[in-house]
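> Please find entry11.cif (mmCIF, C-alpha atoms) on the next line:
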data_entry
#
loop_
_atom_site.label_atom_id
_atom_site.label_comp_id
_atom_site.auth_asym_id
_atom_site.auth_seq_id
_atom_site.Cartn_x
_atom_site.Cartn_y
_atom_site.Cartn_z
CA MET A 1 36.21 32.98 -7.61
CA LYS A 2 38.36 36.03 -8.23
CA ALA A 3 36.49 39.34 -8.61
CA TRP A 4 38.72 41.69 -10.56
CA LYS A 5 38.57 45.42 -9.90
CA VAL A 6 39.48 47.73 -12.74
CA ASP A 7 42.04 49.66 -10.70
CA GLU A 8 43.81 46.36 -9.91
CA ILE A 9 44.39 45.46 -13.56
CA ARG A 10 47.84 46.18 -14.96
CA ILE A 11 49.06 44.89 -18.28
CA SER A 12 52.72 43.84 -18.23
CA GLU A 13 52.95 42.36 -21.72
CA ALA A 14 52.08 44.01 -25.01
CA GLY A 15 48.81 42.75 -26.40
CA ARG A 16 47.77 43.08 -30.00
CA PHE A 17 44.51 44.28 -31.52
CA SER A 18 43.40 43.87 -35.10
CA PRO A 19 42.88 47.22 -36.87
CA SER A 20 39.14 46.58 -37.10
CA GLY A 21 39.07 45.67 -33.44
CA ILE A 22 40.66 48.97 -32.46
CA SER A 23 38.29 51.10 -34.51
CA SER A 24 35.17 49.21 -33.42
CA GLN A 25 36.21 49.30 -29.78
CA THR A 26 36.90 53.03 -29.95
CA ARG A 27 33.47 53.69 -31.44
CA GLU A 28 31.80 51.60 -28.78
CA LEU A 29 33.53 53.45 -25.94
CA GLU A 30 32.66 56.81 -27.45
CA ASP A 31 29.03 55.90 -28.00
CA GLY A 32 28.47 54.05 -24.74
CA GLY A 33 29.37 56.81 -22.32
CA GLY A 34 29.37 56.68 -18.54
CA GLU A 35 30.25 53.41 -16.90
CA SER A 36 30.65 51.62 -20.24
CA LYS A 37 34.15 53.14 -20.51
CA ILE A 38 35.49 50.51 -18.11
CA VAL A 39 35.49 48.03 -21.02
CA THR A 40 38.93 49.02 -22.26
CA ALA A 41 41.48 47.15 -24.33
CA ASP A 42 43.46 46.33 -21.20
CA VAL A 43 40.42 44.85 -19.48
CA LEU A 44 39.55 42.73 -22.52
CA HIS A 45 43.08 41.34 -22.65
CA VAL A 46 42.98 40.43 -18.96
CA ILE A 47 39.69 38.58 -19.48
CA ALA A 48 41.00 36.71 -22.52
CA ARG A 49 44.21 35.66 -20.77
CA SER A 50 42.27 34.43 -17.75
CA TYR A 51 40.77 31.82 -20.11
CA GLY A 52 44.24 30.80 -21.29
CA ILE A 53 44.07 32.69 -24.60
CA GLN A 54 47.48 34.12 -25.42
CA GLN A 55 48.15 37.18 -27.58
CA PRO A 56 44.45 37.70 -28.32
CA VAL A 57 43.22 39.68 -31.30
CA ILE A 58 39.91 41.13 -30.13
CA THR A 59 37.23 42.48 -32.47
CA TYR A 60 34.11 44.22 -31.21
CA ILE A 61 30.87 42.74 -32.63
CA ARG A 62 27.91 44.54 -31.07
CA HIS A 63 26.17 45.66 -27.89
CA SER A 64 22.57 44.52 -27.45
CA GLU A 65 21.56 42.07 -24.75
CA ASN A 66 25.30 41.65 -24.06
CA ARG A 67 28.55 43.17 -25.26
CA THR A 68 30.08 40.66 -27.65
CA TYR A 69 33.58 40.32 -29.10
CA ARG A 70 35.37 37.85 -31.32
CA VAL A 71 38.66 36.70 -29.79
CA ASP A 72 41.33 35.04 -31.96
CA GLY A 73 44.18 33.41 -30.09
CA ALA A 74 47.79 32.84 -31.07
CA ASP A 75 47.09 29.09 -31.28
CA GLY A 76 44.57 29.62 -34.10
CA GLY A 77 41.48 29.15 -31.94
CA SER A 78 38.55 31.57 -32.13
CA TYR A 79 36.14 32.40 -29.34
CA LEU A 80 33.14 34.55 -28.42
CA LEU A 81 33.59 36.83 -25.42
CA ARG A 82 30.34 37.99 -23.82
CA ILE A 83 30.19 40.76 -21.23
CA HIS A 84 26.73 40.35 -19.77
CA GLN A 85 25.65 43.98 -19.64
CA PRO A 86 22.62 44.93 -21.78
CA VAL A 87 22.56 48.15 -23.74
CA LYS A 88 19.46 49.22 -21.75
CA ASP A 89 18.82 48.54 -18.06
CA SER A 90 15.26 47.48 -18.93
CA MET A 91 16.70 44.51 -20.86
CA ALA A 92 18.43 43.07 -17.80
CA GLY A 93 17.01 39.85 -16.41
CA PRO A 94 17.90 36.77 -14.39
CA GLN A 95 20.05 35.57 -17.29
CA HIS A 96 22.52 38.38 -16.52
CA THR A 97 22.99 37.45 -12.85
CA PHE A 98 25.92 35.32 -11.73
CA GLU A 99 23.60 32.49 -10.70
CA GLY A 100 21.55 32.61 -13.89
CA LEU A 101 24.60 32.74 -16.14
CA LEU A 102 26.23 29.84 -14.30
CA VAL A 103 23.21 27.64 -15.10
CA GLU A 104 23.42 28.54 -18.80
CA LEU A 105 27.14 27.79 -18.95
CA ASP A 106 26.76 24.49 -17.10
CA MET A 107 23.97 23.50 -19.51
CA LEU A 108 26.06 24.39 -22.57
CA GLU A 109 29.01 22.44 -21.20
CA GLN A 110 26.84 19.37 -20.71
CA LEU A 111 25.12 19.83 -24.09
CA ALA A 112 28.48 19.97 -25.87
CA LYS A 113 29.59 16.79 -24.14
CA GLY A 114 26.35 14.84 -24.26
CA SER A 115 24.81 15.48 -27.68
CA SER A 116 25.64 15.36 -31.37
CA LEU A 117 24.57 19.00 -31.85
CA LEU A 118 27.06 21.70 -32.83
CA VAL A 119 27.35 23.86 -29.72
CA GLN A 120 29.26 26.92 -28.56
CA ALA A 121 30.90 25.25 -25.59
CA PRO A 122 32.00 27.43 -22.66
CA LEU A 123 35.66 27.77 -21.74
CA ARG A 124 36.87 27.54 -18.18
CA GLN A 125 39.46 29.93 -16.81
CA THR A 126 42.87 28.66 -15.81
CA ASP A 127 41.58 28.42 -12.23
CA GLY A 128 38.63 26.27 -13.35
CA GLU A 129 35.95 28.96 -13.05
CA LEU A 130 33.40 29.51 -15.82
CA ILE A 131 32.61 33.18 -15.10
CA PHE A 132 35.04 36.10 -14.99
CA VAL A 133 33.65 38.70 -12.56
CA LEU A 134 34.69 42.31 -13.14
CA LYS A 135 33.93 44.98 -10.56
CA GLN A 136 34.17 48.74 -10.49
CA GLY A 137 32.65 50.63 -7.61
CA GLY A 138 29.17 49.24 -7.08
CA GLU A 139 28.88 47.72 -10.56
CA THR A 140 29.53 44.04 -11.25
CA LEU A 141 29.89 42.64 -14.77
CA ASN A 142 29.79 38.91 -15.41
CA CYS A 143 31.82 37.72 -18.39
CA SER A 144 31.96 34.39 -20.23
CA MET A 145 33.88 32.87 -23.12
CA LEU A 146 32.45 30.42 -25.67
CA THR A 147 33.97 28.58 -28.60
CA TRP A 148 33.37 30.27 -31.96
CA LEU A 149 31.13 28.68 -34.60
CA GLU A 150 31.67 29.75 -38.19
CA GLY A 151 28.57 30.50 -40.23
CA ARG A 152 25.89 33.06 -40.95
CA ASP A 153 22.30 33.54 -39.86
CA ILE A 154 20.04 31.13 -41.69
CA GLN A 155 17.69 32.81 -44.16
CA ARG A 156 14.20 31.97 -45.37
CA GLU A 157 15.52 30.75 -48.71
CA ASP A 158 17.79 28.29 -46.89
CA THR A 159 14.73 26.57 -45.44
CA ALA A 160 12.87 26.25 -48.75
CA ALA A 161 14.02 22.66 -49.23
CA PRO A 162 12.01 20.08 -47.23
CA GLU A 163 15.28 18.41 -46.26
CA MET A 164 16.42 21.52 -44.36
CA ALA A 165 13.11 21.85 -42.51
CA GLN A 166 13.36 18.16 -41.64
CA LYS A 167 16.92 18.63 -40.36
CA LEU A 168 15.94 21.60 -38.19
CA GLY A 169 12.91 19.80 -36.79
CA THR A 170 15.06 16.83 -35.80
CA GLN A 171 17.67 19.10 -34.21
CA VAL A 172 15.07 20.88 -32.07
CA ALA A 173 13.72 17.50 -31.00
CA LYS A 174 17.24 16.38 -30.03
CA LEU A 175 17.72 19.59 -28.07
CA HIS A 176 14.50 19.04 -26.16
CA ALA A 177 15.43 15.41 -25.58
CA PHE A 178 18.65 16.61 -23.93
CA PHE A 179 16.74 19.17 -21.88
CA LYS A 180 14.40 16.49 -20.55
CA GLY A 181 17.33 14.68 -19.01
CA TYR A 182 19.19 17.78 -17.81
CA LYS A 183 18.96 18.38 -14.07
CA TYR A 184 20.36 21.43 -12.31
CA ALA A 185 19.27 22.89 -9.00
CA GLY A 186 19.66 26.51 -10.12
CA LEU A 187 16.91 26.56 -12.75
CA LYS A 188 14.99 28.99 -10.54
CA TYR A 189 17.53 31.59 -11.66
CA ARG A 190 16.59 31.24 -15.34
CA PRO A 191 13.84 33.13 -17.26
CA SER A 192 10.53 31.26 -17.32
CA GLN A 193 8.13 31.71 -20.25
CA ASP A 194 4.95 30.84 -18.40
CA LEU A 195 1.51 32.47 -18.25
CA SER A 196 2.74 35.25 -15.98
CA TYR A 197 5.49 36.03 -18.50
CA ASN A 198 2.84 36.47 -21.19
CA GLU A 199 0.84 38.75 -18.91
CA ARG A 200 3.91 40.89 -18.24
CA LEU A 201 4.31 41.34 -21.99
CA VAL A 202 0.98 43.18 -22.02
CA GLN A 203 2.13 45.66 -19.39
CA THR A 204 5.41 46.27 -21.21
CA ILE A 205 3.75 46.78 -24.60
CA LYS A 206 1.32 49.28 -23.05
CA ARG A 207 4.28 51.55 -22.25
CA GLY A 208 4.82 52.00 -25.98
CA ALA A 209 1.51 53.83 -26.58
CA PRO A 210 2.12 57.06 -24.60
CA VAL A 211 5.48 57.61 -26.33
CA GLY A 212 4.03 57.12 -29.82
CA LEU A 213 5.55 53.74 -30.61
CA PHE A 214 2.22 51.93 -30.92
CA ALA A 215 -1.35 53.02 -31.56
CA ASN A 216 -3.79 52.42 -28.71
CA GLY A 217 -5.95 50.24 -30.94
CA ASP A 218 -3.01 47.99 -31.77
CA VAL A 219 -2.10 47.66 -28.10
CA LEU A 220 -5.64 46.51 -27.34
CA ILE A 221 -5.42 43.92 -30.14
CA LEU A 222 -2.16 42.58 -28.69
CA GLU A 223 -3.65 42.42 -25.22
CA GLU A 224 -6.66 40.49 -26.51
CA THR A 225 -4.36 38.15 -28.44
CA ILE A 226 -2.26 37.35 -25.38
CA GLN A 227 -5.37 36.78 -23.28
CA LEU A 228 -6.69 34.31 -25.87
CA VAL A 229 -3.37 32.44 -26.00
CA ASN A 230 -3.25 32.23 -22.21
CA SER A 231 -6.83 30.98 -22.04
CA ARG A 232 -5.89 28.13 -24.41
CA LEU A 233 -2.70 27.35 -22.52
CA ARG A 234 -4.65 27.05 -19.26
CA TRP A 235 -6.52 24.12 -20.79
CA LEU A 236 -3.28 22.41 -21.74
CA GLU A 237 -2.33 19.55 -19.46
CA ILE A 238 1.16 20.18 -18.12
CA THR A 239 3.27 17.09 -18.72
CA GLU A 240 6.89 16.38 -19.57
CA ASP A 241 5.83 16.46 -23.23
CA THR A 242 4.27 19.93 -23.04
CA TRP A 243 6.41 21.81 -20.49
CA GLY A 244 10.13 21.78 -19.82
CA LEU A 245 13.38 23.49 -20.67
CA ILE A 246 13.52 25.35 -23.98
CA HIS A 247 15.98 27.51 -25.92
CA GLY A 248 13.68 30.48 -25.31
CA ASP A 249 14.54 32.51 -28.41
CA LEU A 250 14.87 30.03 -31.24
CA GLY A 251 14.50 31.55 -34.68
CA MET A 252 16.45 32.36 -37.82
CA GLY A 253 18.51 35.01 -36.04
CA ASN A 254 19.79 32.39 -33.60
CA THR A 255 20.35 29.58 -36.11
CA LEU A 256 23.66 29.44 -37.99
CA ILE A 257 24.41 27.66 -41.24
CA ASN A 258 27.98 27.12 -42.43
CA ASP A 259 29.49 26.54 -45.89
CA GLU A 260 28.96 22.79 -45.53
CA GLY A 261 25.26 23.26 -44.85
CA GLU A 262 25.58 22.31 -41.17
CA THR A 263 23.23 24.15 -38.84
CA SER A 264 23.61 25.06 -35.19
CA PHE A 265 21.62 26.90 -32.54
CA ILE A 266 23.27 29.80 -30.71
CA ASP A 267 22.45 32.41 -28.04
CA PHE A 268 20.86 30.48 -25.19
CA GLY A 269 20.41 33.68 -23.15
CA PHE A 270 16.69 33.00 -22.65
CA PHE A 271 17.10 29.28 -21.98
CA GLY A 272 14.75 28.20 -19.22
CA PRO A 273 11.34 26.65 -18.52
CA GLY A 274 8.66 27.01 -21.20
CA TYR A 275 6.19 25.23 -23.46
CA TYR A 276 7.42 22.63 -25.95
CA PHE A 277 6.30 24.10 -29.24
CA PRO A 278 8.35 24.91 -32.35
CA SER A 279 8.18 28.55 -33.28
CA SER A 280 9.15 29.17 -36.88
CA HIS A 281 8.86 26.18 -39.26
CA ARG A 282 6.25 24.25 -41.16
CA ASN A 283 4.80 20.78 -41.79
CA VAL A 284 8.06 18.92 -42.45
CA PHE A 285 9.60 20.56 -39.39
CA LEU A 286 6.62 19.52 -37.29
CA ASP A 287 6.52 16.02 -38.78
CA SER A 288 10.21 15.52 -37.97
CA TYR A 289 9.82 16.95 -34.48
CA TYR A 290 6.89 14.76 -33.53
CA GLU A 291 8.23 11.68 -35.30
CA TYR A 292 11.34 11.92 -33.12
CA PHE A 293 9.20 11.71 -29.98
CA GLY A 294 6.58 9.39 -31.46
CA MET A 295 3.57 11.59 -30.60
CA GLU A 296 0.76 13.40 -32.37
CA PRO A 297 1.02 17.13 -33.24
CA TYR A 298 -0.34 19.58 -30.72
CA ASP A 299 -3.34 21.74 -31.43
CA LEU A 300 -2.25 24.03 -34.26
CA GLN A 301 -3.96 26.99 -32.60
CA LEU A 302 -1.59 26.67 -29.65
CA VAL A 303 1.41 26.50 -31.96
CA GLU A 304 0.23 29.66 -33.73
CA GLY A 305 -0.41 31.37 -30.41
CA LEU A 306 3.09 30.69 -29.14
CA MET A 307 4.53 31.92 -32.42
CA LEU A 308 2.70 35.20 -31.82
CA ILE A 309 3.94 35.32 -28.22
CA ALA A 310 7.52 34.96 -29.50
CA ILE A 311 7.07 37.94 -31.84
CA ILE A 312 5.36 40.10 -29.22
CA GLY A 313 8.08 39.15 -26.74
CA PHE A 314 10.72 40.56 -29.08
CA TYR A 315 8.85 43.88 -29.26
CA ALA A 316 8.59 44.00 -25.47
CA PHE A 317 12.26 43.15 -24.94
CA GLU A 318 13.52 45.78 -27.37
CA LEU A 319 10.93 48.42 -26.41
CA GLU A 320 13.44 50.93 -24.99
CA ASN A 321 16.19 50.16 -27.49
CA GLU A 322 16.26 53.15 -29.84
CA ALA A 323 17.91 51.07 -32.55
CA TYR A 324 14.68 49.08 -33.01
CA GLN A 325 12.01 51.70 -32.32
CA ASP A 326 11.52 52.91 -35.90
CA TRP A 327 11.38 49.28 -37.03
CA MET A 328 8.73 48.45 -34.41
CA ARG A 329 6.73 51.60 -35.10
CA GLU A 330 6.56 50.66 -38.77
CA ARG A 331 5.64 46.99 -38.29
CA MET A 332 3.34 46.87 -35.28
CA HIS A 333 0.17 47.71 -37.19
CA LYS A 334 1.01 45.11 -39.84
CA LEU A 335 1.48 42.49 -37.12
CA CYS A 336 -1.94 43.27 -35.71
CA ARG A 337 -3.65 43.46 -39.11
CA ASP A 338 -2.11 40.39 -40.76
CA LEU A 339 -1.66 38.02 -37.83
CA CYS A 340 -3.34 39.00 -34.57
CA ARG A 341 -6.76 39.99 -35.95
CA PRO A 342 -7.08 36.83 -38.09
CA TYR A 343 -5.96 34.71 -35.13
CA LEU A 344 -8.63 36.29 -32.94
CA ALA A 345 -11.20 35.60 -35.67
CA GLY A 346 -10.32 31.90 -35.68
CA GLU A 347 -8.47 31.91 -39.01
CA ARG A 348 -5.37 29.76 -39.57
CA ILE A 349 -2.23 31.90 -39.72
CA PHE A 350 0.45 29.21 -39.60
CA TYR A 351 1.59 29.86 -43.17
CA LYS A 352 1.43 33.65 -42.89
CA PHE A 353 4.49 33.99 -40.66
#
Written as structure tokens, how would this file's structure read?


Amino acid sequence: MKAWKVDEIRISEAGRFSPSGISSQTRELEDGGGESKIVTADVLHVIARSYGIQQPVITYIRHSENRTYRVDGADGGSYLLRIHQPVKDSMAGPQHTFEGLLVELDMLEQLAKGSSLLVQAPLRQTDGELIFVLKQGGETLNCSMLTWLEGRDIQREDTAAPEMAQKLGTQVAKLHAFFKGYKYAGLKYRPSQDLSYNERLVQTIKRGAPVGLFANGDVLILEETIQLVNSRLRWLEITEDTWGLIHGDLGMGNTLINDEGETSFIDFGFFGPGYYFPSSHRNVFLDSYYEYFGMEPYDLQLVEGLMLIAIIGFYAFELENEAYQDWMRERMHKLCRDLCRPYLAGERIFYKF
């Protein structure tokens, strides 16, 4: 594995940027400040060429959990470049480490080869390595390149037809079927959404009260909700049908639909061990999911509880991200009023999400 240092990189051939790529990149470097300035045009071109992409046109997409760029090559291929550096240090996790990222890329490579699902397959560098390691001083940035999938985020209206819910349910079941057969020794380096993960959410959410993000009463409701979900999960028998590898962040924001109506799951950054429950669909989705495995539906209360955990987990993950704080401040009370309180009272909330 070659670890590139910024002061070693020299560009001998003229690269080309799209106009939008130049302007977006400039804005990112100005806004990022500090160490983020190492992500220059020259560095991006070196990374792209290490994956065999010639004359890349590079367009900045966004900086959240990772820095992401679209890369268009001279051969007509399009790719997604990820620089695994979150916008806030508090968002960093095992998925950003070399070991954790290597497991994700190995899984995606095997998923692309061994399933009928549309997948963003990882590229290997010309030396056969999956990860480009960039170093400057004491900082190390892991970088990866995936194939590009055309499409847009799926919307609620796209799922109105029972056929679409059925398709998504079957696709999740196929994904979990692949996961059940996937073996890799490095899974200890991946995020795990177990009971202790849920408990850590409580401590993270509590940090939002002193800074005025959340009201104390709402924080207490969330804590009680998580405690109730955990108490129900403790009664769940852990088997290969209830616990295993999951996407970890599967929702509309990570589901693409293209012009032909084909759907695909993206962003496996939180892939790792967790409970086998769907998180965002309804009866046809569930019927398709369970029909695929030939088993009865799980207790609906557990499904609802894990749906709540997924929402609360998003709040916790983005807690220190200023871009989401006004959004969270506005919606937290509604979450507690419309979902958490009824759930605590024993009401069914499955169709309220």

> Between atom CA of Arg124 of chain A and atom CA of Asp72 of chain A, what is the distance in Å, rounded to a tenth?

16.3 Å

> At a cut-off of 7 Å, using all atoms listed in the file, what residues contact Asn66 of chain A? Leave out same-chain residues fewer than 6 positions from it and give the result as a list in words.

Arg82, Ile83, His84, Gln85 and Pro86 of chain A

> Just checking: using all atoms listed in the file, which residue out of A:Leu141, A:Ala121, A:Val71, A:Leu149 ends up closest to Thr97 of chain A?

A:Leu141

> Grab the atom CA of Ala41 of chain A to atom CA of Asn321 of chain A distance for me, in Å with one decimal place.

25.7 Å

> Please write the residues picked by the PyMOL selection byres ((chain A and resi 267) around 9) on this file as a compact mmCIF listing (two decimals) with C-alpha atoms, in the coordinates of the input.


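Once everything was written out, this is result-v3.txt:
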# COMPACT_ATOMS: atom_id res chain seq x y z
CA GLN A 120 29.26 26.92 -28.56
CA HIS A 247 15.98 27.51 -25.92
CA ASP A 249 14.54 32.51 -28.41
CA LEU A 250 14.87 30.03 -31.24
CA ASN A 254 19.79 32.39 -33.60
CA THR A 255 20.35 29.58 -36.11
CA PHE A 265 21.62 26.90 -32.54
CA ILE A 266 23.27 29.80 -30.71
CA PHE A 268 20.86 30.48 -25.19
CA GLY A 269 20.41 33.68 -23.15
CA PHE A 270 16.69 33.00 -22.65
CA PHE A 271 17.10 29.28 -21.98

> What residues come out when you apply the PyMOL selection byres ((chain A and resi 187) around 8) to this file, written as a list in words?

Gly100, Val103, Tyr184, Ala185, Gly186, Lys188, Tyr189, Arg190 and Gly272 of chain A

> I'd like the neighbourhood of Leu81 of chain A as a PyMOL selection string, where a residue qualifies if any of its atoms comes within 6 Å (using all atoms listed in the file), though same-chain residues fewer than 6 positions away should be ignored.

chain A and resi 68-69+144-145

> Quick one: apply the PyMOL selection byres ((chain A and resi 301-305) around 7) to the file and drop the selected residues here as a list of chain:residue names.

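The output of the PyMOL selection byres ((chain A and resi 301-305) around 7) on this file is A:Val229, A:Arg232, A:Phe277, A:Asp299, A:Leu300, A:Leu306, A:Met307, A:Leu308, A:Ile309, A:Ile349, A:Phe350.
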
> Can you work out the spacing between atom CA of Thr59 of chain A and atom CA of Leu80 of chain A in Å, to one decimal?

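Going from atom CA of Thr59 of chain A over to atom CA of Leu80 of chain A, I get 9.8 Å.
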
> Residues within 9 Å of (8.1, 52.3, -28.4), file coordinates, counting only C-alpha atoms: what are they? Give the list as an MDAnalysis selection string.

chainID A and resid 205 207:214 315:316 318:322 324:326 328:329

> Have a look at A:Lys167, A:His45, A:His96, A:Lys113 and name the one nearest to Pro191 of chain A; count all atoms listed in the file.

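With all atoms listed in the file as the atom set, the closest residue is A:His96.
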